[in-house]
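K.L.:
data-v8.txt (compact mmCIF, C-alpha atoms) pasted underneath:
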```
# COMPACT_ATOMS: atom_id res chain seq x y z
CA MET G 1 0.64 161.94 26.80
CA SER G 2 1.78 165.50 27.50
CA ASP G 3 5.32 164.71 26.31
CA ARG G 4 4.15 164.28 22.72
CA VAL G 5 5.07 167.05 20.29
CA TYR G 6 1.87 168.72 19.05
CA PHE G 7 1.38 171.49 16.49
CA GLU G 8 1.60 174.10 19.25
CA ASP G 9 5.02 172.76 20.34
CA VAL G 10 6.68 173.08 16.94
CA GLU G 11 8.83 176.19 16.49
CA VAL G 12 10.05 177.73 13.25
CA GLY G 13 13.82 177.34 12.96
CA GLN G 14 14.08 174.11 14.96
CA THR G 15 16.69 171.78 13.43
CA HIS G 16 17.28 168.12 13.96
CA ARG G 17 20.05 165.78 12.71
CA PHE G 18 19.53 162.03 12.67
CA GLY G 19 19.72 158.75 10.81
CA ARG G 20 22.23 156.35 9.35
CA TYR G 21 21.20 154.41 6.25
CA GLU G 22 23.70 152.10 4.56
CA VAL G 23 22.92 151.77 0.87
CA THR G 24 23.65 148.42 -0.76
CA ALA G 25 23.76 147.45 -4.45
CA GLN G 26 21.31 144.65 -3.70
CA GLU G 27 18.71 147.04 -2.27
CA ILE G 28 19.18 149.54 -5.13
CA VAL G 29 18.52 146.81 -7.70
CA GLU G 30 15.64 145.27 -5.72
CA TYR G 31 13.77 148.58 -5.40
CA ALA G 32 14.43 149.54 -9.03
CA ARG G 33 13.33 146.18 -10.47
CA GLN G 34 9.99 146.73 -8.77
CA PHE G 35 9.49 150.46 -9.34
CA ASP G 36 12.09 152.12 -11.58
CA PRO G 37 13.62 149.60 -14.01
CA GLN G 38 15.94 151.98 -15.88
CA PRO G 39 19.32 150.44 -16.88
CA PHE G 40 21.39 152.69 -14.55
CA HIS G 41 19.31 151.48 -11.56
CA VAL G 42 19.10 147.73 -12.29
CA ASP G 43 22.10 146.68 -14.39
CA GLU G 44 25.68 147.16 -13.15
CA ASN G 45 27.21 146.82 -16.63
CA ALA G 46 24.72 149.08 -18.40
CA ALA G 47 25.16 151.59 -15.54
CA ARG G 48 28.93 151.74 -16.17
CA GLN G 49 28.27 152.74 -19.81
CA SER G 50 25.74 155.43 -18.76
CA LEU G 51 26.59 159.05 -17.95
CA PHE G 52 26.47 158.09 -14.24
CA GLY G 53 29.45 155.70 -14.61
CA GLY G 54 27.95 153.07 -12.30
CA LEU G 55 24.89 151.86 -10.47
CA ILE G 56 22.85 154.63 -8.77
CA ALA G 57 19.70 154.49 -6.63
CA SER G 58 16.33 155.57 -8.02
CA GLY G 59 15.59 159.06 -6.73
CA TRP G 60 12.26 157.76 -5.44
CA HIS G 61 14.22 155.12 -3.53
CA THR G 62 16.29 157.85 -1.87
CA GLY G 63 12.99 159.51 -0.88
CA ALA G 64 11.81 156.22 0.61
CA MET G 65 15.09 155.89 2.56
CA LEU G 66 14.59 159.45 3.87
CA MET G 67 11.07 158.46 4.98
CA ARG G 68 12.47 155.41 6.81
CA MET G 69 14.99 157.56 8.71
CA ILE G 70 12.23 160.04 9.58
CA CYS G 71 10.05 157.17 10.90
CA ASP G 72 12.89 155.73 12.98
CA HIS G 73 14.13 158.97 14.52
CA ALA G 74 11.68 161.86 14.14
CA ILE G 75 8.11 160.60 14.17
CA ALA G 76 8.20 158.65 17.44
CA GLY G 77 6.97 161.11 20.06
CA SER G 78 5.47 163.47 17.48
CA ALA G 79 1.72 163.81 17.06
CA THR G 80 1.96 163.66 13.26
CA VAL G 81 -0.73 162.12 11.07
CA GLY G 82 0.93 161.93 7.68
CA ALA G 83 1.70 164.59 5.09
CA LEU G 84 -0.11 166.45 2.32
CA GLY G 85 2.87 166.17 -0.02
CA PHE G 86 6.08 168.07 -0.69
CA ASP G 87 7.60 170.90 -2.73
CA ASP G 88 11.02 171.70 -4.20
CA LEU G 89 12.41 168.18 -4.32
CA LYS G 90 15.89 168.15 -5.86
CA TRP G 91 18.08 165.12 -6.55
CA LEU G 92 21.50 166.75 -6.24
CA THR G 93 24.09 163.97 -6.28
CA PRO G 94 23.77 160.30 -7.30
CA VAL G 95 23.38 157.81 -4.42
CA ARG G 96 25.68 154.81 -4.93
CA PRO G 97 26.25 151.42 -3.30
CA GLY G 98 28.25 151.83 -0.08
CA ASP G 99 26.93 155.34 0.61
CA VAL G 100 25.86 156.04 4.20
CA LEU G 101 23.01 158.55 4.35
CA SER G 102 21.84 160.83 7.17
CA VAL G 103 19.29 163.62 7.50
CA GLU G 104 19.03 167.22 8.66
CA THR G 105 15.60 168.83 9.05
CA ARG G 106 14.57 172.43 9.70
CA VAL G 107 11.10 173.79 10.47
CA LYS G 108 10.44 176.47 7.83
CA GLU G 109 6.87 177.59 8.46
CA LYS G 110 3.69 176.81 10.39
CA LEU G 111 0.40 177.16 8.51
CA ASP G 112 -2.07 177.90 11.26
CA ARG G 113 -5.45 177.32 9.62
CA PRO G 114 -8.57 175.97 11.26
CA SER G 115 -9.11 172.43 10.11
CA ARG G 116 -11.82 169.80 10.35
CA HIS G 117 -9.55 167.22 11.88
CA GLY G 118 -7.89 169.42 14.48
CA VAL G 119 -4.58 169.37 12.64
CA GLY G 120 -2.13 172.03 11.52
CA THR G 121 0.37 171.95 8.66
CA VAL G 122 4.11 172.39 9.23
CA LYS G 123 6.55 172.96 6.36
CA ILE G 124 9.71 171.02 7.13
CA GLU G 125 12.81 171.21 4.93
CA SER G 126 14.84 167.99 4.82
CA TRP G 127 18.36 167.50 3.51
CA VAL G 128 19.85 164.05 2.91
CA PHE G 129 23.66 163.86 3.09
CA ASN G 130 26.11 161.10 2.16
CA GLN G 131 29.23 160.11 4.16
CA ARG G 132 31.24 162.88 2.43
CA ALA G 133 28.74 165.48 3.70
CA GLU G 134 27.53 166.05 0.13
CA ALA G 135 23.82 166.86 -0.08
CA VAL G 136 22.21 164.16 -2.23
CA MET G 137 18.58 165.25 -1.97
CA THR G 138 16.40 167.97 -0.48
CA LEU G 139 12.67 168.60 -0.25
CA THR G 140 10.16 170.58 1.79
CA SER G 141 7.38 168.40 3.27
CA LEU G 142 3.93 169.55 4.34
CA VAL G 143 3.52 167.57 7.55
CA LEU G 144 0.22 167.31 9.45
CA TYR G 145 0.48 167.74 13.23
CA GLN G 146 -2.40 167.19 15.64
CA ARG G 147 -3.30 170.14 17.83
CA ARG G 148 -2.88 169.75 21.58
CA PRO G 149 -6.18 168.41 22.97
CA SER G 150 -7.91 170.90 25.27
CA PRO G 151 -7.65 169.89 28.94
CA MET N 1 12.99 156.61 -30.51
CA LYS N 2 11.64 159.73 -28.88
CA TYR N 3 14.20 162.48 -28.31
CA PHE N 4 13.88 165.95 -26.76
CA GLU N 5 13.10 167.41 -30.21
CA ASP N 6 10.06 165.10 -30.46
CA VAL N 7 8.45 166.37 -27.24
CA ARG N 8 5.56 168.80 -27.80
CA VAL N 9 4.29 171.21 -25.14
CA GLY N 10 0.65 170.35 -24.42
CA GLU N 11 0.89 166.69 -25.44
CA THR N 12 -0.85 164.24 -23.11
CA ALA N 13 -0.51 160.49 -22.64
CA THR N 14 -2.03 157.82 -20.45
CA LEU N 15 0.36 155.83 -18.30
CA GLY N 16 -1.48 152.55 -17.84
CA SER N 17 -2.90 151.14 -14.62
CA HIS N 18 -1.77 149.33 -11.48
CA THR N 19 -3.85 147.61 -8.79
CA ILE N 20 -2.43 147.75 -5.27
CA THR N 21 -3.05 145.02 -2.67
CA GLY N 22 -3.07 145.20 1.13
CA GLU N 23 -0.01 142.93 1.13
CA ASP N 24 1.87 145.34 -1.18
CA ILE N 25 0.97 148.28 1.07
CA ILE N 26 2.21 146.53 4.22
CA ALA N 27 5.39 145.12 2.61
CA PHE N 28 6.46 148.54 1.27
CA ALA N 29 5.62 150.32 4.53
CA LYS N 30 7.45 147.82 6.74
CA LYS N 31 10.60 148.59 4.76
CA TYR N 32 10.27 152.33 4.19
CA ASP N 33 7.39 153.94 6.11
CA PRO N 34 6.50 151.91 9.22
CA GLN N 35 3.61 153.97 10.60
CA PRO N 36 0.56 152.11 12.00
CA PHE N 37 -1.87 153.37 9.33
CA HIS N 38 0.45 151.85 6.66
CA THR N 39 1.42 148.55 8.36
CA ASP N 40 -1.36 147.43 10.72
CA PRO N 41 -4.98 147.09 9.48
CA ASP N 42 -6.41 147.01 13.04
CA ALA N 43 -4.47 150.04 14.26
CA ALA N 44 -5.30 151.81 10.97
CA ARG N 45 -9.06 151.49 11.63
CA ALA N 46 -8.67 153.61 14.77
CA THR N 47 -6.90 156.47 12.93
CA ILE N 48 -8.43 159.42 11.05
CA PHE N 49 -7.99 157.35 7.85
CA GLY N 50 -10.40 154.61 9.04
CA GLY N 51 -8.32 151.80 7.53
CA LEU N 52 -5.06 150.79 5.91
CA ILE N 53 -3.66 153.33 3.41
CA ALA N 54 -0.56 153.25 1.20
CA SER N 55 2.53 155.30 1.98
CA GLY N 56 2.68 158.37 -0.26
CA TRP N 57 6.18 157.21 -1.24
CA HIS N 58 4.62 153.92 -2.38
CA THR N 59 2.07 155.81 -4.50
CA CYS N 60 4.94 157.80 -6.07
CA ALA N 61 6.89 154.57 -6.67
CA ILE N 62 3.90 153.15 -8.58
CA MET N 63 3.73 156.36 -10.60
CA MET N 64 7.44 155.97 -11.40
CA ARG N 65 6.81 152.37 -12.51
CA LEU N 66 3.98 153.41 -14.83
CA SER N 67 6.11 156.29 -16.21
CA ALA N 68 9.09 154.00 -16.86
CA GLU N 69 6.88 151.49 -18.68
CA ALA N 70 5.34 154.27 -20.78
CA ALA N 71 8.81 155.58 -21.65
CA GLN N 72 9.82 152.10 -22.77
CA ARG N 73 6.70 151.79 -24.95
CA THR N 74 7.28 155.12 -26.68
CA GLY N 75 11.06 154.70 -26.96
CA ALA N 76 11.67 157.87 -24.92
CA VAL N 77 15.41 158.45 -24.47
CA THR N 78 15.35 159.85 -20.93
CA THR N 79 18.27 160.20 -18.51
CA GLY N 80 16.62 160.67 -15.13
CA SER N 81 15.24 163.70 -13.34
CA PRO N 82 16.74 166.63 -11.44
CA GLY N 83 13.66 167.02 -9.25
CA VAL N 84 9.99 167.61 -8.56
CA ASP N 85 8.44 171.09 -8.15
CA SER N 86 5.46 169.90 -6.12
CA CYS N 87 3.63 166.72 -5.19
CA ARG N 88 0.29 166.41 -3.40
CA TRP N 89 -1.21 163.23 -1.97
CA LEU N 90 -4.85 164.23 -2.39
CA LYS N 91 -6.78 161.11 -1.37
CA PRO N 92 -5.73 158.00 0.54
CA VAL N 93 -4.85 154.94 -1.58
CA ARG N 94 -6.44 151.79 -0.15
CA PRO N 95 -6.12 148.02 -0.73
CA GLY N 96 -7.72 147.00 -4.04
CA ASP N 97 -7.52 150.47 -5.59
CA THR N 98 -6.63 150.55 -9.29
CA LEU N 99 -4.57 153.62 -10.14
CA THR N 100 -4.41 155.02 -13.67
CA GLY N 101 -1.85 157.64 -14.67
CA ARG N 102 -1.96 160.55 -17.08
CA THR N 103 0.78 162.97 -18.05
CA GLU N 104 0.83 166.37 -19.76
CA VAL N 105 3.87 168.28 -21.00
CA LEU N 106 3.87 171.83 -19.56
CA GLU N 107 7.21 173.22 -20.76
CA ALA N 108 10.38 172.11 -22.58
CA TRP N 109 13.78 173.78 -22.99
CA PRO N 110 17.25 172.64 -24.09
CA SER N 111 20.28 172.56 -21.80
CA ARG N 112 22.89 175.18 -22.72
CA THR N 113 25.79 172.97 -21.75
CA LYS N 114 24.79 169.32 -22.28
CA PRO N 115 23.25 167.33 -25.16
CA ILE N 116 19.96 167.05 -23.27
CA GLY N 117 16.71 168.94 -22.83
CA PHE N 118 14.49 169.48 -19.79
CA VAL N 119 10.79 168.67 -19.90
CA ARG N 120 8.40 169.84 -17.18
CA SER N 121 5.29 167.62 -16.91
CA ARG N 122 2.26 167.25 -14.73
CA ILE N 123 1.56 163.65 -13.76
CA GLU N 124 -1.70 162.62 -12.12
CA MET N 125 -3.09 159.32 -10.95
CA ARG N 126 -6.77 158.58 -10.32
CA ASN N 127 -8.42 155.66 -8.58
CA GLN N 128 -11.20 153.47 -10.03
CA GLN N 129 -13.80 156.02 -8.85
CA GLY N 130 -12.08 158.71 -10.91
CA GLU N 131 -10.84 160.53 -7.81
CA MET N 132 -7.40 162.09 -8.18
CA VAL N 133 -5.10 160.55 -5.54
CA VAL N 134 -1.80 162.17 -6.46
CA SER N 135 -0.74 165.12 -8.61
CA LEU N 136 2.81 166.21 -9.22
CA VAL N 137 4.79 168.56 -11.44
CA GLY N 138 8.29 167.34 -12.15
CA LEU N 139 11.23 167.49 -14.55
CA THR N 140 12.57 164.81 -16.88
CA MET N 141 15.78 165.01 -18.90
CA PHE N 142 15.60 163.81 -22.53
CA ARG N 143 18.60 163.20 -24.78
CA ARG N 144 18.80 165.37 -27.89
CA ARG N 145 19.13 163.85 -31.35
CA GLU N 146 22.72 162.96 -32.34
CA GLY N 147 24.33 165.79 -34.22
CA SER N 148 22.02 168.48 -32.90
CA ALA N 149 23.65 171.64 -31.64
```
As a first step, turn the structure in this file into structure tokens.
P.N.:
Amino acid sequence: MSDRVYFEDVEVGQTHRFGRYEVTAQEIVEYARQFDPQPFHVDENAARQSLFGGLIASGWHTGAMLMRMICDHAIAGSATVGALGFDDLKWLTPVRPGDVLSVETRVKEKLDRPSRHGVGTVKIESWVFNQRAEAVMTLTSLVLYQRRPSP
Amino acid sequence: MKYFEDVRVGETATLGSHTITGEDIIAFAKKYDPQPFHTDPDAARATIFGGLIASGWHTCAIMMRLSAEAAQRTGAVTTGSPGVDSCRWLKPVRPGDTLTGRTEVLEAWPSRTKPIGFVRSRIEMRNQQGEMVVSLVGLTMFRRREGSA
């Protein structure tokens, strides 16, 4: 178990690049029909007439895709137990069908407070990029890490 | 239709309700947030949460759904959002919870370059016990009335 990354092991400034998420029109429409049924997310024709000029993913869908890439590449091996939330989320560029997304994370700050559950909070900045290296979304998450159990 | 000019700072509105099932929680999490406390009821019991809980991204998706429905009801002419200042998942959301949303306009200002205005709102959702489960402050873009400067 000693190879797991605990709160004590996290260092400010650490960066990590990972993920490859291929965005399809079908998935954009499927997510949006369920959660964000605005014309530019669910209707190809209406989307062409909108100021976006075509179908774009719901911003909350992009956040969900970021979460999936974090689960697949960053959480395994980390002693994380969820997150309190996030700050400074910006949707910077529309995400369109055919885009291939990836992630870069950087540890911004450790909040070292005593806590009932033996956890500490780590502020992690995430950037989502498309295949043209354009940033499409950024946010700063407040991630809960377990403290290393005493021997 | 509700344009930017019709938005009043301080106005509040309810967003309707949504009941979440265990199946919904697992289906969303298998696709977007496959951690044991979101996908596996048995494994979830052994965690600090004591049982299955919804992904925070699922809770936000439900909030988006309720907001979109409310916008449709009021005829709000919105064109998306540039971002969210802050979002806190305050209490776990569990199978069978009924979430009810409420929104309050904090600030509104016109764009200098585009025929839109920005509206900063607080959106909160509470469960059937009245406990706040999520609170966020975010921006929405509204179209301005045709012909306005």
K.L.:
Restrict the distance test to all atoms listed in the file, flag each residue of chain N within 10 Å of chain G, and return the flagged residues as JSON, numbers by chain.
P.N.:
{"N": [28, 29, 30, 31, 32, 33, 34, 35, 37, 47, 48, 49, 55, 56, 57, 58, 60, 61, 62, 63, 64, 65, 66, 67, 68, 69, 71, 72, 78, 79, 80, 81, 82, 83, 84, 85, 86, 87, 88, 89, 90, 91, 134, 135, 136, 137, 138, 139]}
K.L.:
Taking (19.8, 144.2, -6.9) as a centre in this file's frame and 10 Å as the limit, can you find every polymer residue with an atom that close, using only C-alpha atoms, and give them as an NGL selection string?
P.N.:
:G and (24-33 or 41-44 or 55)
K.L.:
Name the residues within 12 Å of (-7.9, 161.8, -24.9), counting all atoms listed in the file in the file's coordinates, and put them as a PDB file with C-alpha atoms, keeping the file's coordinate frame.
P.N.:
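New file result_28.pdb:
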```pdb
ATOM      1  CA  GLU N  11       0.890 166.690 -25.440  1.00  0.00           C
ATOM      2  CA  THR N  12      -0.850 164.240 -23.110  1.00  0.00           C
ATOM      3  CA  ALA N  13      -0.510 160.490 -22.640  1.00  0.00           C
ATOM      4  CA  THR N  14      -2.030 157.820 -20.450  1.00  0.00           C
ATOM      5  CA  ARG N 102      -1.960 160.550 -17.080  1.00  0.00           C
ATOM      6  CA  THR N 103       0.780 162.970 -18.050  1.00  0.00           C
ATOM      7  CA  GLU N 104       0.830 166.370 -19.760  1.00  0.00           C
TER       8      GLU N 104
END
```
K.L.:
Can you work out the spacing between atom CA of Thr59 of chain N and atom CA of Thr80 of chain G in Å, to one decimal?
P.N.:
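Spanning atom CA of Thr59 of chain N to atom CA of Thr80 of chain G is a straight-line distance of 19.4 Å.
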K.L.:
So how far away is atom CA of Lys108 of chain G from atom CA of Ala44 of chain N, in Å?
P.N.:
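A separation of 29.4 Å between them.
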K.L.:
N:Gly50, N:Pro110, N:Gly117, N:Gly101: which is nearest Glu131 of chain N, counting only C-alpha atoms?
P.N.:
N:Gly101
K.L.:
One number please: atom CA of His18 of chain N to atom CA of Asp40 of chain N, in Å, one decimal.
P.N.:
22.3 Å
K.L.:
Which polymer residues have any atom within 10 Å of an atom of Gly98 of chain G, counting only C-alpha atoms, with same-chain residues fewer than 3 positions away left out, as a list in words?
P.N.:
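Surrounding residues, per the criterion: Tyr21, Glu22, Val23, Thr24, Ala25, Val95, Leu101, Asn130 and Gln131 of chain G.
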K.L.:
Neighbours of segment 11-15 of chain G within 10 Å (only C-alpha atoms; same-chain residues fewer than 3 positions away dropped), as a compact mmCIF listing (two decimals) with C-alpha atoms, keeping the file's coordinate frame?
P.N.:
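The resulting result_21.txt:
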```txt
# COMPACT_ATOMS: atom_id res chain seq x y z
CA PHE G 7 1.38 171.49 16.49
CA GLU G 8 1.60 174.10 19.25
CA GLU G 104 19.03 167.22 8.66
CA THR G 105 15.60 168.83 9.05
CA ARG G 106 14.57 172.43 9.70
CA VAL G 107 11.10 173.79 10.47
CA LYS G 108 10.44 176.47 7.83
CA GLU G 109 6.87 177.59 8.46
CA LYS G 110 3.69 176.81 10.39
CA VAL G 122 4.11 172.39 9.23
CA LYS G 123 6.55 172.96 6.36
CA ILE G 124 9.71 171.02 7.13
CA GLU G 125 12.81 171.21 4.93
CA SER G 126 14.84 167.99 4.82
```
K.L.:
Arg94 of chain N: which residues within 10 Å, counting only C-alpha atoms, same-chain residues fewer than 3 positions away excluded, as a list in words?
P.N.:
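The residues satisfying every condition are Thr19, Ile20, Thr21, Gly22, Ile25, His38, Phe49, Gly51, Leu52, Ile53, Ala54, Ser55, Lys91, Asp97, Thr98 and Asn127 of chain N.
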K.L.:
Select, from N:Leu99, N:Val77, N:Met1, N:Ala43, the residue with the minimum atom-to-atom distance to Ser17 of chain N, counting all atoms listed in the file.
P.N.:
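Nearest to Ser17 of chain N: N:Leu99.
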